[in-house]
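Take a look at the structure below.
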Amino acid sequence: MLLVDDQELVRTGFRLVLRREPGIDVVGEAADGQEALDLMDTVEVDVVVMDVRMPGMDGIEATRRICARGARPKVLILTTFDLDEYVFSSIKAGASGFLLKDIGPRFLVEGIRIVHSGDSVIAPPTTRRLISRFLPRLPDSGRTPDKRAALLSPREREVLTEIATGLSNAEIATRMYVSEGTVRTHVSRILAKLDLRDRVQAVVFAYENGLIRLG
């Protein structure tokens, strides 16, 4: 993994925590987005832990460029600001989730492993708060939906609606009277058909295209 933060003390603290964890190897550090991109040309990276506010290229633009390269590496945003516009923009740019810098070491490690597995680290309640705050910033929900939405089956649209309300796979399975494995299969198909990286982007897609409206 790669640590990107303009504060050396912060990077040092994260590195000391992560070096004790089996299966996690910090292969590099960068003080801004451009330095991170340059470093990625020389080392193989699976997960980037990215700050948002940095001098030079910020974390949002760096995330956009990293995610444009393909499925990997995954980007996990670490920010001081709870649900601010920078975090929302970074998720739209392709980040797989975010955590706050005041989390404990155990949750940081867990978040990294979740993102590495291809899932989102944003908890369902946080997803609801995120959408509630930033829905007014989204394009007019009355616009013509993205053509990709027509690729979804009725069942997949139903699952996408439940995802967009912030439900976990287990909660969706209970509500729809199916197994959690079945829900995971639906989620995978939804992401593939819509060409999205993870369920966070699926939530944004649903609201942007009027498939669900807050409240």
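By order of appearance in the structure tokens: chains A, B, ..., then residues from 1 within every chain, and ligands from 1 in the order shown.
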Would you return as number ranges by chain the members of range 14-78 of chain A that DSSP assigns to strand (DSSP E or B) on this structure's backbone?
A: 28-30, 47-50, 74-78
Could you save the residues just selected, with N, CA and C atoms, as an mmCIF file, in the first residue's frame?
```cif
data_model
loop_
_atom_site.group_PDB
_atom_site.id
_atom_site.type_symbol
_atom_site.label_atom_id
_atom_site.label_comp_id
_atom_site.auth_asym_id
_atom_site.auth_seq_id
_atom_site.Cartn_x
_atom_site.Cartn_y
_atom_site.Cartn_z
ATOM 1 N N GLY A 28 5.578 2.648 -0.034
ATOM 2 C CA GLY A 28 6.017 4.002 -0.327
ATOM 3 C C GLY A 28 5.175 5.049 0.366
ATOM 4 N N GLU A 29 5.701 6.279 0.380
ATOM 5 C CA GLU A 29 5.000 7.422 0.957
ATOM 6 C C GLU A 29 5.135 8.608 0.005
ATOM 7 N N ALA A 30 4.131 9.469 0.012
ATOM 8 C CA ALA A 30 4.151 10.657 -0.832
ATOM 9 C C ALA A 30 3.523 11.820 -0.080
ATOM 10 N N VAL A 47 -3.455 -0.653 -2.609
ATOM 11 C CA VAL A 47 -4.316 0.299 -1.905
ATOM 12 C C VAL A 47 -3.548 1.588 -1.662
ATOM 13 N N VAL A 48 -4.204 2.720 -1.926
ATOM 14 C CA VAL A 48 -3.636 4.034 -1.625
ATOM 15 C C VAL A 48 -4.452 4.660 -0.508
ATOM 16 N N VAL A 49 -3.799 4.992 0.599
ATOM 17 C CA VAL A 49 -4.456 5.727 1.688
ATOM 18 C C VAL A 49 -4.158 7.200 1.440
ATOM 19 N N MET A 50 -5.200 7.974 1.130
ATOM 20 C CA MET A 50 -5.045 9.311 0.566
ATOM 21 C C MET A 50 -5.655 10.403 1.446
ATOM 22 N N LYS A 74 -6.977 0.504 -5.322
ATOM 23 C CA LYS A 74 -8.130 1.099 -4.674
ATOM 24 C C LYS A 74 -7.665 2.306 -3.861
ATOM 25 N N VAL A 75 -8.544 3.279 -3.710
ATOM 26 C CA VAL A 75 -8.202 4.477 -2.946
ATOM 27 C C VAL A 75 -9.096 4.586 -1.715
ATOM 28 N N LEU A 76 -8.472 4.723 -0.569
ATOM 29 C CA LEU A 76 -9.176 4.941 0.694
ATOM 30 C C LEU A 76 -8.841 6.350 1.181
ATOM 31 N N ILE A 77 -9.856 7.182 1.297
ATOM 32 C CA ILE A 77 -9.651 8.563 1.735
ATOM 33 C C ILE A 77 -9.608 8.634 3.262
ATOM 34 N N LEU A 78 -8.615 9.330 3.787
ATOM 35 C CA LEU A 78 -8.535 9.644 5.216
ATOM 36 C C LEU A 78 -8.566 11.157 5.354
#
```
If you measure from CA of Asp25 in chain A to CA of Val10 in chain A, what distance in Å do you get, rounded to one decimal?
17.0 Å
If we count only C-alpha atoms, what is near range 103-115 of chain A at a cut-off of 9 Å, once residues fewer than 2 positions away on the same chain are taken out, given as a list in words?
Met1, Phe14, Val17, Leu18, Glu21, Ile24, Val47, Val48, Val49, Lys74, Val75, Leu76, Ser96, Gly97, Phe98, Leu99, Leu100, Lys101, Ser117, Gly118, Asp119, Ser120, Val121 and Ile122 of chain A
Spatial neighbours of Gly94 in chain A, max dist 8 Å, only C-alpha atoms, sep filter under 6 positions, as a list in words:
Thr63, Arg64, Cys67, Val75, Arg197 and Gln201 of chain A
I need the chosen residues saved as a compact mmCIF listing (two decimals), in the first residue's frame, with N, CA and C atoms.
```txt
# COMPACT_ATOMS: atom_id res chain seq x y z
N THR A 63 -6.95 11.11 -6.81
CA THR A 63 -7.86 9.97 -6.83
C THR A 63 -8.46 9.78 -8.21
N ARG A 64 -8.88 10.87 -8.83
CA ARG A 64 -9.47 10.80 -10.17
C ARG A 64 -8.48 10.19 -11.16
N CYS A 67 -7.80 6.35 -10.30
CA CYS A 67 -8.91 5.47 -10.65
C CYS A 67 -9.11 5.38 -12.16
N VAL A 75 -8.54 3.28 -3.71
CA VAL A 75 -8.20 4.48 -2.95
C VAL A 75 -9.10 4.59 -1.71
N ARG A 197 -17.28 1.00 -9.76
CA ARG A 197 -16.23 0.35 -8.98
C ARG A 197 -16.76 -0.34 -7.73
N GLN A 201 -20.28 4.17 -5.40
CA GLN A 201 -20.62 4.79 -6.68
C GLN A 201 -22.01 4.38 -7.13
```
Would you please give, as a PyMOL selection string, all residues of range 3-209 of chain A that DSSP assigns to helix (DSSP H, G or I) based on the backbone?
chain A and resi 8-18+33-40+59-67+85-92+105-116+124-137+147-151+154-164+169-176+180-194+199-208
